[in-house]
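As provided, query_32.cif (mmCIF, C-alpha atoms and all ligand atoms) reads as follows.
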```
data_protein
#
loop_
_atom_site.group_PDB
_atom_site.id
_atom_site.type_symbol
_atom_site.label_atom_id
_atom_site.label_comp_id
_atom_site.auth_asym_id
_atom_site.auth_seq_id
_atom_site.Cartn_x
_atom_site.Cartn_y
_atom_site.Cartn_z
ATOM 1 C CA MET A 1 22.161 229.800 340.441
ATOM 2 C CA ASN A 2 22.168 233.520 339.911
ATOM 3 C CA LEU A 3 21.579 235.488 343.062
ATOM 4 C CA GLY A 4 20.931 238.613 341.031
ATOM 5 C CA ASN A 5 21.012 241.744 343.158
ATOM 6 C CA THR A 6 22.642 240.615 346.421
ATOM 7 C CA THR A 7 21.299 243.582 348.370
ATOM 8 C CA PRO A 8 17.718 243.165 349.573
ATOM 9 C CA PRO A 9 15.537 245.910 348.162
ATOM 10 C CA ASP A 10 14.824 248.899 350.358
ATOM 11 C CA LYS A 11 11.321 249.324 351.674
ATOM 12 C CA GLY A 12 9.192 250.809 348.958
ATOM 13 C CA ASP A 13 11.326 249.533 346.096
ATOM 14 C CA PRO A 14 9.571 247.581 343.388
ATOM 15 C CA ALA A 15 9.682 243.812 343.822
ATOM 16 C CA ASP A 16 13.099 242.413 342.949
ATOM 17 C CA HIS A 17 13.704 239.352 340.790
ATOM 18 C CA LEU A 18 14.553 236.333 342.952
ATOM 19 C CA ILE A 19 14.442 233.234 340.739
ATOM 20 C CA ASP A 20 12.407 232.223 337.678
ATOM 21 C CA SER A 21 9.105 234.101 337.972
ATOM 22 C CA ILE A 22 9.576 234.617 341.718
ATOM 23 C CA THR A 23 10.243 238.100 343.061
ATOM 24 C CA SER A 24 11.344 239.230 346.502
ATOM 25 C CA SER A 25 10.678 242.247 348.660
ATOM 26 C CA MET A 26 11.235 243.420 352.184
ATOM 27 C CA ALA A 27 8.067 242.864 354.211
ATOM 28 C CA SER A 28 5.775 245.679 355.226
ATOM 29 C CA ARG A 29 3.244 245.759 358.064
ATOM 30 C CA ASN A 30 0.513 245.060 355.476
ATOM 31 C CA ASP A 31 2.118 241.697 354.726
ATOM 32 C CA LEU A 32 1.852 240.511 358.335
ATOM 33 C CA PRO A 33 -1.451 238.570 358.029
ATOM 34 C CA MET A 34 -0.170 236.578 355.021
ATOM 35 C CA VAL A 35 3.156 235.854 356.730
ATOM 36 C CA LEU A 36 1.379 234.611 359.857
ATOM 37 C CA VAL A 37 -0.760 232.235 357.772
ATOM 38 C CA LEU A 38 2.251 230.911 355.837
ATOM 39 C CA LEU A 39 4.235 230.245 359.004
ATOM 40 C CA SER A 40 1.398 228.612 360.901
ATOM 41 C CA GLU A 41 0.482 226.426 357.906
ATOM 42 C CA ASN A 42 4.060 225.167 357.955
ATOM 43 C CA GLY A 43 4.316 224.586 361.683
ATOM 44 C CA LEU A 44 6.625 227.500 362.506
ATOM 45 C CA PRO A 45 6.170 229.861 365.478
ATOM 46 C CA SER A 46 4.503 233.131 364.580
ATOM 47 C CA GLU A 47 3.524 234.685 367.906
ATOM 48 C CA ASP A 48 6.230 237.385 367.892
ATOM 49 C CA VAL A 49 6.522 238.025 364.140
ATOM 50 C CA ARG A 50 4.648 241.335 364.432
ATOM 51 C CA GLU A 51 7.646 242.823 366.330
ATOM 52 C CA HIS A 52 10.136 241.786 363.640
ATOM 53 C CA ILE A 53 8.197 241.948 360.371
ATOM 54 C CA GLU A 54 10.289 244.838 358.994
ATOM 55 C CA HIS A 55 13.297 242.499 358.976
ATOM 56 C CA PHE A 56 11.622 239.815 356.852
ATOM 57 C CA VAL A 57 12.374 239.087 353.199
ATOM 58 C CA LEU A 58 9.417 237.678 351.280
ATOM 59 C CA ALA A 59 9.153 235.700 348.041
ATOM 60 C CA TRP A 60 6.201 236.250 345.740
ATOM 61 C CA ASP A 61 4.692 234.630 342.682
ATOM 62 C CA ASP A 62 2.389 237.118 340.984
ATOM 63 C CA GLY A 63 1.006 238.467 344.255
ATOM 64 C CA THR A 64 0.939 235.160 346.118
ATOM 65 C CA LEU A 65 3.257 234.872 349.094
ATOM 66 C CA VAL A 66 5.338 231.732 348.520
ATOM 67 C CA GLY A 67 8.235 232.126 350.958
ATOM 68 C CA ALA A 68 9.568 234.058 353.920
ATOM 69 C CA VAL A 69 12.611 234.436 356.120
ATOM 70 C CA GLY A 70 13.261 236.764 359.033
ATOM 71 C CA MET A 71 16.033 238.274 361.102
ATOM 72 C CA GLU A 72 16.302 239.682 364.591
ATOM 73 C CA LEU A 73 19.155 242.188 364.732
ATOM 74 C CA LEU A 74 21.001 242.061 368.061
ATOM 75 C CA GLY A 75 24.109 244.172 367.515
ATOM 76 C CA SER A 76 26.872 242.051 366.029
ATOM 77 C CA ASP A 77 24.707 238.952 366.498
ATOM 78 C CA GLY A 78 21.546 238.025 364.681
ATOM 79 C CA LEU A 79 18.792 235.463 365.019
ATOM 80 C CA PHE A 80 17.922 233.875 361.687
ATOM 81 C CA ARG A 81 14.308 232.767 361.811
ATOM 82 C CA SER A 82 11.109 231.733 360.099
ATOM 83 C CA LEU A 83 12.516 230.257 356.877
ATOM 84 C CA CYS A 84 9.549 228.845 355.035
ATOM 85 C CA VAL A 85 8.554 228.034 351.447
ATOM 86 C CA ARG A 86 5.031 227.070 350.393
ATOM 87 C CA SER A 87 4.961 223.309 349.807
ATOM 88 C CA ASN A 88 4.173 223.421 346.072
ATOM 89 C CA TYR A 89 7.095 225.806 345.462
ATOM 90 C CA ARG A 90 9.818 223.733 347.125
ATOM 91 C CA ASN A 91 13.016 222.357 345.577
ATOM 92 C CA ARG A 92 13.313 225.305 343.193
ATOM 93 C CA GLY A 93 16.012 227.077 345.185
ATOM 94 C CA ILE A 94 13.688 229.640 346.739
ATOM 95 C CA ALA A 95 14.781 228.960 350.337
ATOM 96 C CA SER A 96 18.440 229.086 349.326
ATOM 97 C CA GLU A 97 17.924 232.465 347.675
ATOM 98 C CA LEU A 98 15.991 233.791 350.675
ATOM 99 C CA CYS A 99 18.862 232.656 352.917
ATOM 100 C CA SER A 100 21.355 234.530 350.767
ATOM 101 C CA ARG A 101 19.226 237.661 350.841
ATOM 102 C CA ILE A 102 18.745 237.699 354.609
ATOM 103 C CA GLU A 103 22.416 236.877 355.241
ATOM 104 C CA VAL A 104 23.494 239.868 353.138
ATOM 105 C CA TYR A 105 20.868 242.006 354.875
ATOM 106 C CA ALA A 106 22.339 240.970 358.247
ATOM 107 C CA LEU A 107 25.900 241.567 357.092
ATOM 108 C CA ILE A 108 25.030 245.074 355.920
ATOM 109 C CA ALA A 109 23.381 245.694 359.304
ATOM 110 C CA GLY A 110 26.671 244.834 361.058
ATOM 111 C CA VAL A 111 25.904 241.272 362.115
ATOM 112 C CA HIS A 112 28.954 238.998 362.374
ATOM 113 C CA ARG A 113 27.387 235.861 363.831
ATOM 114 C CA LEU A 114 24.034 234.385 362.884
ATOM 115 C CA TYR A 115 22.270 231.943 365.196
ATOM 116 C CA LEU A 116 19.233 229.793 364.531
ATOM 117 C CA LEU A 117 17.148 227.025 366.047
ATOM 118 C CA THR A 118 15.742 224.237 363.918
ATOM 119 C CA THR A 119 13.847 221.032 364.470
ATOM 120 C CA THR A 120 13.454 220.204 360.785
ATOM 121 C CA ALA A 121 16.289 221.484 358.626
ATOM 122 C CA LYS A 122 19.658 220.858 360.314
ATOM 123 C CA ASP A 123 21.185 219.356 357.183
ATOM 124 C CA PHE A 124 19.848 222.162 354.977
ATOM 125 C CA PHE A 125 21.634 224.729 357.154
ATOM 126 C CA ALA A 126 24.789 222.605 357.496
ATOM 127 C CA ARG A 127 25.103 222.750 353.707
ATOM 128 C CA ARG A 128 24.916 226.553 353.954
ATOM 129 C CA GLY A 129 27.843 226.779 356.381
ATOM 130 C CA TYR A 130 26.010 226.664 359.707
ATOM 131 C CA SER A 131 27.555 224.540 362.486
ATOM 132 C CA VAL A 132 25.824 223.007 365.463
ATOM 133 C CA CYS A 133 26.640 224.831 368.712
ATOM 134 C CA SER A 134 25.546 224.479 372.311
ATOM 135 C CA ARG A 135 22.823 226.746 373.632
ATOM 136 C CA GLU A 136 25.186 227.725 376.443
ATOM 137 C CA SER A 137 27.622 229.210 373.908
ATOM 138 C CA VAL A 138 24.961 231.546 372.503
ATOM 139 C CA PRO A 139 25.202 235.236 373.531
ATOM 140 C CA PRO A 140 22.693 236.368 376.188
ATOM 141 C CA THR A 141 20.953 238.736 373.762
ATOM 142 C CA VAL A 142 20.156 235.819 371.456
ATOM 143 C CA GLN A 143 19.200 233.575 374.369
ATOM 144 C CA GLY A 144 16.799 236.327 375.415
ATOM 145 C CA THR A 145 14.731 236.138 372.195
ATOM 146 C CA ALA A 146 11.272 234.605 372.338
ATOM 147 C CA GLU A 147 12.402 231.751 370.074
ATOM 148 C CA PHE A 148 15.116 230.765 372.546
ATOM 149 C CA ARG A 149 13.067 231.435 375.676
ATOM 150 C CA HIS A 150 9.847 229.667 374.824
ATOM 151 C CA LEU A 151 8.760 229.436 371.174
ATOM 152 C CA CYS A 152 11.109 226.668 370.021
ATOM 153 C CA PRO A 153 11.243 223.315 371.809
ATOM 154 C CA CYS A 154 14.309 222.518 373.887
ATOM 155 C CA THR A 155 14.989 219.669 371.456
ATOM 156 C CA ALA A 156 15.613 222.184 368.630
ATOM 157 C CA VAL A 157 19.178 222.144 367.327
ATOM 158 C CA CYS A 158 21.117 225.387 367.742
ATOM 159 C CA MET A 159 23.373 226.416 364.826
ATOM 160 C CA MET A 160 25.720 229.324 364.115
ATOM 161 C CA ARG A 161 27.366 230.840 361.070
ATOM 162 C CA ARG A 162 30.059 233.532 361.016
ATOM 163 C CA LEU A 163 29.251 236.059 358.317
ATOM 164 C CA ASP A 164 32.561 237.892 358.427
ATOM 165 C CA GLU A 165 34.349 234.868 356.987
ATOM 166 C CA ARG A 166 32.234 235.020 353.874
ATOM 167 C CA ASP A 167 32.360 237.022 350.682
ATOM 168 C CA PRO A 168 28.754 238.198 350.393
ATOM 169 C CA LEU A 169 29.044 238.589 346.639
ATOM 170 C CA SER A 170 30.328 235.048 345.965
HETATM 171 C C1 LIG A 201 13.226 223.828 354.531
HETATM 172 C C2 LIG A 201 12.577 224.596 353.384
HETATM 173 C C3 LIG A 201 12.530 226.071 353.743
HETATM 174 C C4 LIG A 201 13.386 224.360 352.097
HETATM 175 O O1 LIG A 201 12.792 225.142 351.057
HETATM 176 P P1 LIG A 201 13.148 224.898 349.506
HETATM 177 O O2 LIG A 201 12.774 226.144 348.777
HETATM 178 O O3 LIG A 201 12.543 223.639 349.051
HETATM 179 O O4 LIG A 201 14.730 224.725 349.538
HETATM 180 P P2 LIG A 201 15.707 224.880 348.284
HETATM 181 O O5 LIG A 201 14.947 224.591 347.036
HETATM 182 O O6 LIG A 201 16.452 226.159 348.367
HETATM 183 O O7 LIG A 201 16.767 223.722 348.579
HETATM 184 C C5 LIG A 201 16.412 222.433 348.276
HETATM 185 C C6 LIG A 201 17.519 221.504 348.754
HETATM 186 O O8 LIG A 201 17.476 221.489 350.189
HETATM 187 C C7 LIG A 201 17.134 220.190 350.629
HETATM 188 N N1 LIG A 201 16.212 220.317 351.740
HETATM 189 C C8 LIG A 201 14.987 220.858 351.696
HETATM 190 N N2 LIG A 201 14.426 220.794 352.911
HETATM 191 C C9 LIG A 201 15.333 220.200 353.718
HETATM 192 C C10 LIG A 201 15.339 219.842 355.089
HETATM 193 N N3 LIG A 201 14.284 220.073 355.875
HETATM 194 N N4 LIG A 201 16.440 219.272 355.606
HETATM 195 C C11 LIG A 201 17.514 219.022 354.822
HETATM 196 N N5 LIG A 201 17.572 219.319 353.506
HETATM 197 C C12 LIG A 201 16.479 219.906 352.964
HETATM 198 C C13 LIG A 201 16.470 219.522 349.438
HETATM 199 O O9 LIG A 201 16.585 218.116 349.542
HETATM 200 C C14 LIG A 201 17.256 220.093 348.290
HETATM 201 O O10 LIG A 201 18.498 219.444 348.198
HETATM 202 P P3 LIG A 201 19.243 219.281 346.731
HETATM 203 O O11 LIG A 201 19.642 220.668 346.328
HETATM 204 O O12 LIG A 201 20.403 218.404 347.039
HETATM 205 O O13 LIG A 201 18.233 218.670 345.829
HETATM 206 C C15 LIG A 201 11.126 224.094 353.132
HETATM 207 O O14 LIG A 201 11.145 222.693 353.018
HETATM 208 C C16 LIG A 201 10.132 224.470 354.232
HETATM 209 O O15 LIG A 201 9.552 225.553 354.191
HETATM 210 N N6 LIG A 201 9.901 223.564 355.208
HETATM 211 C C17 LIG A 201 8.911 223.823 356.270
HETATM 212 C C18 LIG A 201 9.372 224.887 357.227
HETATM 213 C C19 LIG A 201 10.731 224.545 357.825
HETATM 214 O O16 LIG A 201 10.960 223.432 358.284
HETATM 215 N N7 LIG A 201 11.608 225.574 357.858
HETATM 216 C C20 LIG A 201 12.907 225.485 358.488
HETATM 217 C C21 LIG A 201 12.751 226.140 359.811
HETATM 218 S S1 LIG A 201 14.257 226.338 360.688
#
```
Render the structure in this file as C-alpha cells.
Amino acid sequence: MNLGNTTPPDKGDPADHLIDSITSSMASRNDLPMVLVLLSENGLPSEDVREHIEHFVLAWDDGTLVGAVGMELLGSDGLFRSLCVRSNYRNRGIASELCSRIEVYALIAGVHRLYLLTTTAKDFFARRGYSVCSRESVPPTVQGTAEFRHLCPCTAVCMMRRLDERDPLS
C-alpha cells in the first residue's frame, strides 16, 4: 500500500490523498463536532478531545468524515488515541494509513515512545509493532492523561511502540 506523502499536511494545506478516493487533513477546531459524533458512535471516549483536536489526523470521503486518529504530545512520549474508522469504510486500509500518518507526525514532533490503551484492537496494534506493557511502566506524564486516569477502563490493555527504531519512510 502506498503511503503517499508521509508527512501529515500542515494546517491550512489542501486535503492530502490518503488511499483510493479518501483524503486526509489535520483537524481544525471546526471539525470538532463531527469528530465527537464519530467517536461516540464507535464507543470511544470523546470528553477531552476538544483539548487535543489540533493533533488529530482525519480521513475524508468527499466531505464526509470517515476516520480519525489523535495524539497527545508529552515531550519524548506520546499518547496515541481515538483511532476510529466509520463502519462502512473498514477493511480498506484507512486505519493503517491513519496510524502511519500520526506516527510520523509524532516522530517529527520529537516523540520516541508511543503509548496507547485499547479494549478492542490489541491484535491490530500488535501487527503494527506495539507491545503490551504494564501500566506501572508508563511514564507519569502519560499516566496523567485523562485516558489513563479515568476515560479508559482499567481492563484496557496498555501498549507501547518505540518510534526511534523505525524508518518513518519505509
Ligand atoms: C479498529 C479499526 C480502527 C480498524 O479500521 P480499518 O480501517 O478497518 O483497519 P484497516 O483496514 O487498516 O486494517 C484492517 C486489518 O486489521 C484487522 N482488524 C480490524 N479491526 C481489528 C481489531 N479490532 N482487532 C484486530 N484486528 C483488526 C482486520 O481484520 C484487517 O486484517 P487483514 O489486513 O489481515 O485483513 C476499526 O475497526 C474501528 O474503528 N473500530 C472501532 C473503534 C476502535 O475499536 N478503535 C480502536 C481503539 S484503540
Quick one: which chain A residues come within 7 Å of ligand LIG 201 (chain A), and what is the nearest atom pair for each with the distance in Å to one decimal, counting all atoms listed in the file, rows ordered by chain and ascending number, as a Markdown table?
```
| residue | atom | partner | partner_atom | distance |
| --- | --- | --- | --- | --- |
| A:Asn42 | CA | A:LIG201 | C17 | 5.3 |
| A:Gly43 | CA | A:LIG201 | C18 | 6.7 |
| A:Leu44 | CA | A:LIG201 | C18 | 6.5 |
| A:Arg81 | CA | A:LIG201 | S1 | 6.5 |
| A:Ser82 | CA | A:LIG201 | C21 | 5.8 |
| A:Leu83 | CA | A:LIG201 | N7 | 4.9 |
| A:Cys84 | CA | A:LIG201 | O15 | 3.4 |
| A:Val85 | CA | A:LIG201 | O15 | 3.8 |
| A:Arg86 | CA | A:LIG201 | O15 | 6.1 |
| A:Ser87 | CA | A:LIG201 | O15 | 6.7 |
| A:Tyr89 | CA | A:LIG201 | O2 | 6.6 |
| A:Arg90 | CA | A:LIG201 | O3 | 3.3 |
| A:Asn91 | CA | A:LIG201 | O5 | 3.3 |
| A:Arg92 | CA | A:LIG201 | O5 | 4.2 |
| A:Gly93 | CA | A:LIG201 | O5 | 3.3 |
| A:Ile94 | CA | A:LIG201 | O2 | 4.1 |
| A:Ala95 | CA | A:LIG201 | O2 | 3.8 |
| A:Ser96 | CA | A:LIG201 | O6 | 3.7 |
| A:Glu97 | CA | A:LIG201 | O6 | 6.5 |
| A:Leu117 | CA | A:LIG201 | S1 | 6.1 |
| A:Thr118 | CA | A:LIG201 | S1 | 4.1 |
| A:Thr119 | CA | A:LIG201 | S1 | 6.5 |
| A:Thr120 | CA | A:LIG201 | O16 | 4.8 |
| A:Ala121 | CA | A:LIG201 | N3 | 3.7 |
| A:Lys122 | CA | A:LIG201 | N4 | 5.9 |
| A:Asp123 | CA | A:LIG201 | C11 | 4.4 |
| A:Phe124 | CA | A:LIG201 | C11 | 3.9 |
```
- Residues in the PyMOL selection byres (((chain A and resi 60) around 10) and not hetatm), expressed as a list in words: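 Applied to this file, the PyMOL selection byres (((chain A and resi 60) around 10) and not hetatm) selects Ala15, Asp16, His17, Leu18, Ser21, Ile22, Thr23, Ser24, Ser25, Leu58, Ala59, Asp61, Asp62, Gly63, Thr64, Leu65, Val66, Gly67 and Ala68 of chain A.
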Within 9 Å of segment 45-50 of chain A, counting only C-alpha atoms, which residues qualify if same-chain residues fewer than 3 places away don't, as a tab-separated table (two decimals) with C-alpha atoms, in the frame of the given file?
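What ended up in around-v8.tsv:
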```tsv
chain	number	residue	atom	x	y	z
A	29	ARG	CA	3.24	245.76	358.06
A	32	LEU	CA	1.85	240.51	358.34
A	35	VAL	CA	3.16	235.85	356.73
A	36	LEU	CA	1.38	234.61	359.86
A	37	VAL	CA	-0.76	232.24	357.77
A	39	LEU	CA	4.24	230.24	359.00
A	40	SER	CA	1.40	228.61	360.90
A	53	ILE	CA	8.20	241.95	360.37
A	54	GLU	CA	10.29	244.84	358.99
A	70	GLY	CA	13.26	236.76	359.03
A	82	SER	CA	11.11	231.73	360.10
A	146	ALA	CA	11.27	234.60	372.34
A	147	GLU	CA	12.40	231.75	370.07
A	151	LEU	CA	8.76	229.44	371.17
A	152	CYS	CA	11.11	226.67	370.02
```
- Could you give me, as a PyMOL selection string, the residues within 7 Å of segment 156-161 of chain A, counting all atoms listed in the file and dropping anything in the same chain fewer than 3 positions from it? chain A and resi 113-119+129-135+152-153
- Note on the structure: Pairwise distance, atom CA of Tyr105 of chain A with atom CA of Gly144 of chain A, equals 21.7 Å
- Between atom CA of Ile19 of chain A and atom CA of Glu103 of chain A - distance in Å to one decimal: 16.9 Å
- Task: Tell me which of A:Val138, A:Asn30, A:Gln143, A:Val104 sits closest to Asp164 of chain A, counting all atoms listed in the file.
- Result: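 Of A:Val138, A:Asn30, A:Gln143, A:Val104, the one nearest Asp164 of chain A is A:Val104, counting all atoms listed in the file.
With atom CA of Ile108 of chain A on one side and atom CA of Ala27 of chain A on the other, the separation reads 17.2 Å.
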- Message: At a cut-off of 10 Å, using only C-alpha atoms, what residues contact Val111 of chain A? Leave out same-chain residues fewer than 4 positions from it and give the result as JSON, numbers by chain.
- Response: {"A": [73, 74, 75, 76, 77, 78, 79, 103, 104, 105, 106, 107, 162, 163, 164]}
